[in-house]
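Note sheet for the following structure.
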Amino acid sequence: MRQALPKVPKDRIAVLIGAKGVTARALRNSAGCRELNIDSDNGEVEVVWGEAGSYDPVKAMKLPNVIKAIGRGMAPKAALRLFEEQHFFEMVDLRDFVGKRSNQQRRIRSRIIGSQGKIRKLIENLTDTEITIYKSTVVIIGEEEGLFAAQQAIEMLAGGSEHGSVLNYLEKDRRRTKLSNRSLDSIQLKDDPATNVGFENLVPGLAEISDRRSRRMRASQVDPKDEEAVEEMMELSEDEVVSWEEE
């Protein structure tokens with residue numbers, strides 16, 4: 001089965017092919033396809049798959065995004081992480097926020113990158129993602145939760161939010177994620193009698209009071225016609241006395 005993949009910009013064709021075709025071979029091996037054909041003149045890419053069952057359909061679904069990520073400036077080694085089960089791809093188009101004006105796109109790119117790349121690096125560290133900015137697009141690769149947070153941060157910056165507000169959002173999201181990961185899915189109770197200490201053993205005298213209450217409860221259910229049961233009910237324990245006095 002032949003499938004057309006996203007076209008690659010001319011300045012990224014050599015990166016997609018790699019030195020002596022090393023990147024193209026890595027892509028073919030990782031995806032499990034039969035052929036990966038790259039037109040070195042116009043950047044068109046085509047993949048040939050084998051028979052059904054000879055390749056992983058999930059990797060087949062991810063391959064177009066891997067090609068797109070490399071075409072949008074992502075390093076091939078980083079883009080190959082998309083084949084891993086927990087990694088996904090998102091792309092933010094800056095033209096959706098500032099239109100086709102190149103000067104405005106350049107301004108937004110500078111805000112996302114920050115001085116000496118500090119802002120981009122902070123977003124990557126706080127979300128455990130990899131971010132690449134290429135012309136009018138921002139490509140993000142990472143796990144689902146971090147990917148969503150990074151995308152939100154990029155869109156906030158593109159929409160005009162201050163750096164402080166964006167970083168504060170990411171810090172809060174990171175703390176929320178940590179708390180969520182620490183929550184217990186279940187509690188296992190041990191049946192070992194040696195370690196299963198009841199609450200009554202922690203409070204002196206509580207066991208005696210509990211036993212006394214149990215006797216009273218049993219007494220309230222005695223059949224009056226059962227003389228033996230009535231006599232047992234009337235029998236006092238060692239710590240009980242009956243006193244009489246007149247008012």
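Chain identifiers are assigned as A, B, and so on, following the order in which chains appear in the structure tokens; residues are numbered from 1 within each chain, and ligands are numbered from 1 in order of appearance.
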(message) Show me, as a list in words, the residues that have an atom within 10 Å of segment 11-24 of chain A when counting only C-alpha atoms, minus same-chain residues fewer than 6 positions from it.
(response)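 The neighbour list is Ser30, Glu35, Leu36, Asn37, Ile38, Asp39, Ser40, Asp41, Asn42, Gly43, Glu44, Val45, Ile67, Ile70, Gly71, Arg72, Gly73, Met74, Ala75, Pro76, Lys77 and Leu80 of chain A.
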* To do: Write out as a PyMOL selection string the residues lying within 9 Å of Asp128 of chain A, counting only C-alpha atoms and excluding same-chain residues fewer than 3 positions away.
  => chain A and resi 123-125+142-143+146-147+150
Please produce an output containing N, CA and C atoms for each residue in the selection, written as a short mmCIF file (atom, residue, chain, number, x, y, z; two decimals), in the first residue's frame.
```cif
data_model
loop_
_atom_site.label_atom_id
_atom_site.label_comp_id
_atom_site.auth_asym_id
_atom_site.auth_seq_id
_atom_site.Cartn_x
_atom_site.Cartn_y
_atom_site.Cartn_z
N ILE A 123 10.17 26.37 29.50
CA ILE A 123 8.94 25.66 29.14
C ILE A 123 9.24 24.18 28.94
N GLU A 124 10.34 23.88 28.27
CA GLU A 124 10.71 22.48 28.04
C GLU A 124 10.95 21.75 29.37
N ASN A 125 11.66 22.40 30.28
CA ASN A 125 11.98 21.76 31.56
C ASN A 125 10.74 21.55 32.42
N GLY A 142 6.15 15.45 23.24
CA GLY A 142 6.25 15.05 24.64
C GLY A 142 5.10 14.15 25.04
N GLU A 143 5.04 13.83 26.33
CA GLU A 143 3.94 13.02 26.84
C GLU A 143 2.69 13.88 26.96
N GLY A 146 2.27 16.93 29.71
CA GLY A 146 3.24 17.98 29.47
C GLY A 146 3.03 18.65 28.13
N LEU A 147 2.61 17.87 27.14
CA LEU A 147 2.37 18.40 25.80
C LEU A 147 1.27 19.44 25.83
N ALA A 150 2.53 22.65 27.57
CA ALA A 150 3.47 23.39 26.71
C ALA A 150 2.71 24.11 25.59
#
```
Name all residues at most 10 Å from Val47 of chain A (count only C-alpha atoms; drop same-chain ones fewer than 4 positions away) and give them as a JSON list (two decimals) with N, CA and C atoms, in the first residue's frame.
```json
[["chain", "number", "residue", "atom", "x", "y", "z"],
["A", 1, "MET", "N", 0.84, -1.20, 0.00],
["A", 1, "MET", "CA", 0.00, 0.00, 0.00],
["A", 1, "MET", "C", 0.87, 1.24, 0.00],
["A", 2, "ARG", "N", 0.62, 2.15, -0.89],
["A", 2, "ARG", "CA", 1.37, 3.40, -0.99],
["A", 2, "ARG", "C", 0.61, 4.52, -0.28],
["A", 3, "GLN", "N", 1.37, 5.38, 0.39],
["A", 3, "GLN", "CA", 0.75, 6.47, 1.11],
["A", 3, "GLN", "C", 1.60, 7.73, 0.96],
["A", 4, "ALA", "N", 0.98, 8.83, 0.59],
["A", 4, "ALA", "CA", 1.69, 10.10, 0.50],
["A", 4, "ALA", "C", 1.82, 10.71, 1.89],
["A", 5, "LEU", "N", 3.00, 11.22, 2.21],
["A", 5, "LEU", "CA", 3.26, 11.84, 3.50],
["A", 5, "LEU", "C", 3.45, 13.34, 3.32],
["A", 28, "ARG", "N", 12.67, 4.36, 8.28],
["A", 28, "ARG", "CA", 12.08, 3.15, 7.71],
["A", 28, "ARG", "C", 12.09, 2.00, 8.70],
["A", 31, "ALA", "N", 9.60, 2.75, 11.69],
["A", 31, "ALA", "CA", 8.19, 2.67, 11.30],
["A", 31, "ALA", "C", 7.81, 1.26, 10.88],
["A", 33, "CYS", "N", 8.13, 0.12, 7.76],
["A", 33, "CYS", "CA", 7.58, 0.15, 6.40],
["A", 33, "CYS", "C", 8.53, -0.56, 5.43],
["A", 34, "ARG", "N", 8.02, -0.83, 4.26],
["A", 34, "ARG", "CA", 8.83, -1.53, 3.26],
["A", 34, "ARG", "C", 9.76, -0.55, 2.54],
["A", 35, "GLU", "N", 9.22, 0.60, 2.17],
["A", 35, "GLU", "CA", 10.02, 1.62, 1.47],
["A", 35, "GLU", "C", 9.66, 3.01, 2.00],
["A", 36, "LEU", "N", 10.65, 3.92, 1.95],
["A", 36, "LEU", "CA", 10.40, 5.33, 2.27],
["A", 36, "LEU", "C", 11.10, 6.14, 1.18],
["A", 37, "ASN", "N", 10.31, 6.69, 0.28],
["A", 37, "ASN", "CA", 10.87, 7.39, -0.88],
["A", 37, "ASN", "C", 10.78, 8.90, -0.68],
["A", 38, "ILE", "N", 11.93, 9.57, -0.81],
["A", 38, "ILE", "CA", 12.01, 11.03, -0.61],
["A", 38, "ILE", "C", 12.54, 11.65, -1.89],
["A", 60, "ALA", "N", 2.31, 3.42, 11.98],
["A", 60, "ALA", "CA", 1.91, 3.91, 10.66],
["A", 60, "ALA", "C", 1.13, 5.22, 10.80],
["A", 63, "LEU", "N", 3.81, 8.05, 11.72],
["A", 63, "LEU", "CA", 4.85, 8.42, 10.75],
["A", 63, "LEU", "C", 4.62, 9.78, 10.08],
["A", 64, "PRO", "N", 3.40, 10.13, 9.64],
["A", 64, "PRO", "CA", 3.21, 11.47, 9.04],
["A", 64, "PRO", "C", 3.64, 12.60, 9.98]]
```
Based on DSSP run over this structure's backbone, return all residues of segment 46-213 of chain A in helix (DSSP H, G or I), as a ChimeraX atom specification. /A:57-71,76-83,95-98,102-113,115-127,144-158,163-182,199-201,206-213
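Among the candidates A:Leu122, A:Gln151, A:Ala78, A:Gly159, the residue lying nearest to Gln104 of chain A is A:Gly159 (atoms considered: only C-alpha atoms).
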Residues of segment 7-158 of chain A in strand (DSSP E), written as a PyMOL selection string: chain A and resi 35-38+45-48+87-93+129-134+137-143
Output for the residues just chosen: N, CA and C atoms as a PDB file, in the first residue's frame:
```pdb
ATOM      1  N   GLU A  35       9.224   0.601   2.170  1.00  0.00           N
ATOM      2  CA  GLU A  35      10.023   1.620   1.475  1.00  0.00           C
ATOM      3  C   GLU A  35       9.663   3.005   2.002  1.00  0.00           C
ATOM      4  N   LEU A  36      10.646   3.918   1.954  1.00  0.00           N
ATOM      5  CA  LEU A  36      10.404   5.330   2.266  1.00  0.00           C
ATOM      6  C   LEU A  36      11.103   6.136   1.179  1.00  0.00           C
ATOM      7  N   ASN A  37      10.313   6.694   0.277  1.00  0.00           N
ATOM      8  CA  ASN A  37      10.866   7.393  -0.883  1.00  0.00           C
ATOM      9  C   ASN A  37      10.785   8.904  -0.678  1.00  0.00           C
ATOM     10  N   ILE A  38      11.929   9.570  -0.807  1.00  0.00           N
ATOM     11  CA  ILE A  38      12.010  11.025  -0.609  1.00  0.00           C
ATOM     12  C   ILE A  38      12.543  11.651  -1.894  1.00  0.00           C
ATOM     13  N   VAL A  45       7.281  13.124  -0.152  1.00  0.00           N
ATOM     14  CA  VAL A  45       7.638  11.895   0.563  1.00  0.00           C
ATOM     15  C   VAL A  45       6.526  10.881   0.384  1.00  0.00           C
ATOM     16  N   GLU A  46       6.915   9.639   0.127  1.00  0.00           N
ATOM     17  CA  GLU A  46       5.952   8.560  -0.050  1.00  0.00           C
ATOM     18  C   GLU A  46       6.436   7.321   0.705  1.00  0.00           C
ATOM     19  N   VAL A  47       5.508   6.619   1.343  1.00  0.00           N
ATOM     20  CA  VAL A  47       5.844   5.400   2.075  1.00  0.00           C
ATOM     21  C   VAL A  47       5.095   4.225   1.450  1.00  0.00           C
ATOM     22  N   VAL A  48       5.760   3.074   1.440  1.00  0.00           N
ATOM     23  CA  VAL A  48       5.140   1.847   0.934  1.00  0.00           C
ATOM     24  C   VAL A  48       5.077   0.866   2.100  1.00  0.00           C
ATOM     25  N   HIS A  87       4.498   9.201  23.599  1.00  0.00           N
ATOM     26  CA  HIS A  87       4.870  10.502  23.049  1.00  0.00           C
ATOM     27  C   HIS A  87       3.949  10.908  21.900  1.00  0.00           C
ATOM     28  N   PHE A  88       3.620  12.218  21.902  1.00  0.00           N
ATOM     29  CA  PHE A  88       2.686  12.743  20.914  1.00  0.00           C
ATOM     30  C   PHE A  88       3.220  14.056  20.329  1.00  0.00           C
ATOM     31  N   PHE A  89       2.499  14.553  19.351  1.00  0.00           N
ATOM     32  CA  PHE A  89       2.954  15.703  18.558  1.00  0.00           C
ATOM     33  C   PHE A  89       1.880  16.784  18.518  1.00  0.00           C
ATOM     34  N   GLU A  90       2.325  18.026  18.656  1.00  0.00           N
ATOM     35  CA  GLU A  90       1.433  19.175  18.452  1.00  0.00           C
ATOM     36  C   GLU A  90       2.200  20.248  17.694  1.00  0.00           C
ATOM     37  N   MET A  91       1.472  21.005  16.891  1.00  0.00           N
ATOM     38  CA  MET A  91       2.095  22.109  16.164  1.00  0.00           C
ATOM     39  C   MET A  91       1.226  23.350  16.295  1.00  0.00           C
ATOM     40  N   VAL A  92       1.840  24.451  16.682  1.00  0.00           N
ATOM     41  CA  VAL A  92       1.141  25.735  16.820  1.00  0.00           C
ATOM     42  C   VAL A  92       1.564  26.621  15.655  1.00  0.00           C
ATOM     43  N   ASP A  93       0.585  27.117  14.924  1.00  0.00           N
ATOM     44  CA  ASP A  93       0.856  28.001  13.785  1.00  0.00           C
ATOM     45  C   ASP A  93       0.713  29.448  14.256  1.00  0.00           C
ATOM     46  N   THR A 129       9.122  18.437  27.621  1.00  0.00           N
ATOM     47  CA  THR A 129       8.857  18.350  26.189  1.00  0.00           C
ATOM     48  C   THR A 129      10.063  18.873  25.413  1.00  0.00           C
ATOM     49  N   GLU A 130      10.009  18.707  24.101  1.00  0.00           N
ATOM     50  CA  GLU A 130      11.009  19.304  23.209  1.00  0.00           C
ATOM     51  C   GLU A 130      10.277  20.234  22.256  1.00  0.00           C
ATOM     52  N   ILE A 131      10.810  21.459  22.132  1.00  0.00           N
ATOM     53  CA  ILE A 131      10.144  22.491  21.338  1.00  0.00           C
ATOM     54  C   ILE A 131      11.085  22.993  20.257  1.00  0.00           C
ATOM     55  N   THR A 132      10.570  23.091  19.040  1.00  0.00           N
ATOM     56  CA  THR A 132      11.338  23.623  17.920  1.00  0.00           C
ATOM     57  C   THR A 132      10.523  24.719  17.237  1.00  0.00           C
ATOM     58  N   ILE A 133      11.173  25.850  17.004  1.00  0.00           N
ATOM     59  CA  ILE A 133      10.512  26.984  16.360  1.00  0.00           C
ATOM     60  C   ILE A 133      11.101  27.147  14.960  1.00  0.00           C
ATOM     61  N   TYR A 134      10.245  27.064  13.955  1.00  0.00           N
ATOM     62  CA  TYR A 134      10.708  27.114  12.570  1.00  0.00           C
ATOM     63  C   TYR A 134       9.766  28.002  11.773  1.00  0.00           C
ATOM     64  N   THR A 137       5.933  28.315  12.570  1.00  0.00           N
ATOM     65  CA  THR A 137       5.370  27.209  13.340  1.00  0.00           C
ATOM     66  C   THR A 137       6.211  26.883  14.574  1.00  0.00           C
ATOM     67  N   VAL A 138       5.539  26.315  15.568  1.00  0.00           N
ATOM     68  CA  VAL A 138       6.195  25.811  16.774  1.00  0.00           C
ATOM     69  C   VAL A 138       5.791  24.345  16.923  1.00  0.00           C
ATOM     70  N   VAL A 139       6.771  23.457  16.923  1.00  0.00           N
ATOM     71  CA  VAL A 139       6.521  22.020  17.038  1.00  0.00           C
ATOM     72  C   VAL A 139       6.856  21.570  18.454  1.00  0.00           C
ATOM     73  N   ILE A 140       5.949  20.786  19.044  1.00  0.00           N
ATOM     74  CA  ILE A 140       6.135  20.295  20.415  1.00  0.00           C
ATOM     75  C   ILE A 140       5.989  18.784  20.428  1.00  0.00           C
ATOM     76  N   ILE A 141       6.919  18.106  21.094  1.00  0.00           N
ATOM     77  CA  ILE A 141       6.859  16.652  21.258  1.00  0.00           C
ATOM     78  C   ILE A 141       7.010  16.322  22.732  1.00  0.00           C
ATOM     79  N   GLY A 142       6.151  15.454  23.238  1.00  0.00           N
ATOM     80  CA  GLY A 142       6.250  15.054  24.639  1.00  0.00           C
ATOM     81  C   GLY A 142       5.105  14.149  25.036  1.00  0.00           C
ATOM     82  N   GLU A 143       5.040  13.834  26.328  1.00  0.00           N
ATOM     83  CA  GLU A 143       3.943  13.021  26.836  1.00  0.00           C
ATOM     84  C   GLU A 143       2.687  13.878  26.959  1.00  0.00           C
TER      85      GLU A 143
END
```
Query raised in the report: Quick one, how far is atom CA of Thr127 of chain A from atom CA of Glu144 of chain A?
Result: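 Computed distance, atom CA of Thr127 of chain A to atom CA of Glu144 of chain A, equals 9.9 Å.
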Note to self: Counting only C-alpha atoms, which residue out of A:Lys59, A:Lys7, A:Lys68, A:Lys135 sits closest to Arg95 of chain A?
What the structure shows: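 Between A:Lys59, A:Lys7, A:Lys68, A:Lys135, the residue approaching Arg95 of chain A most closely is A:Lys135.
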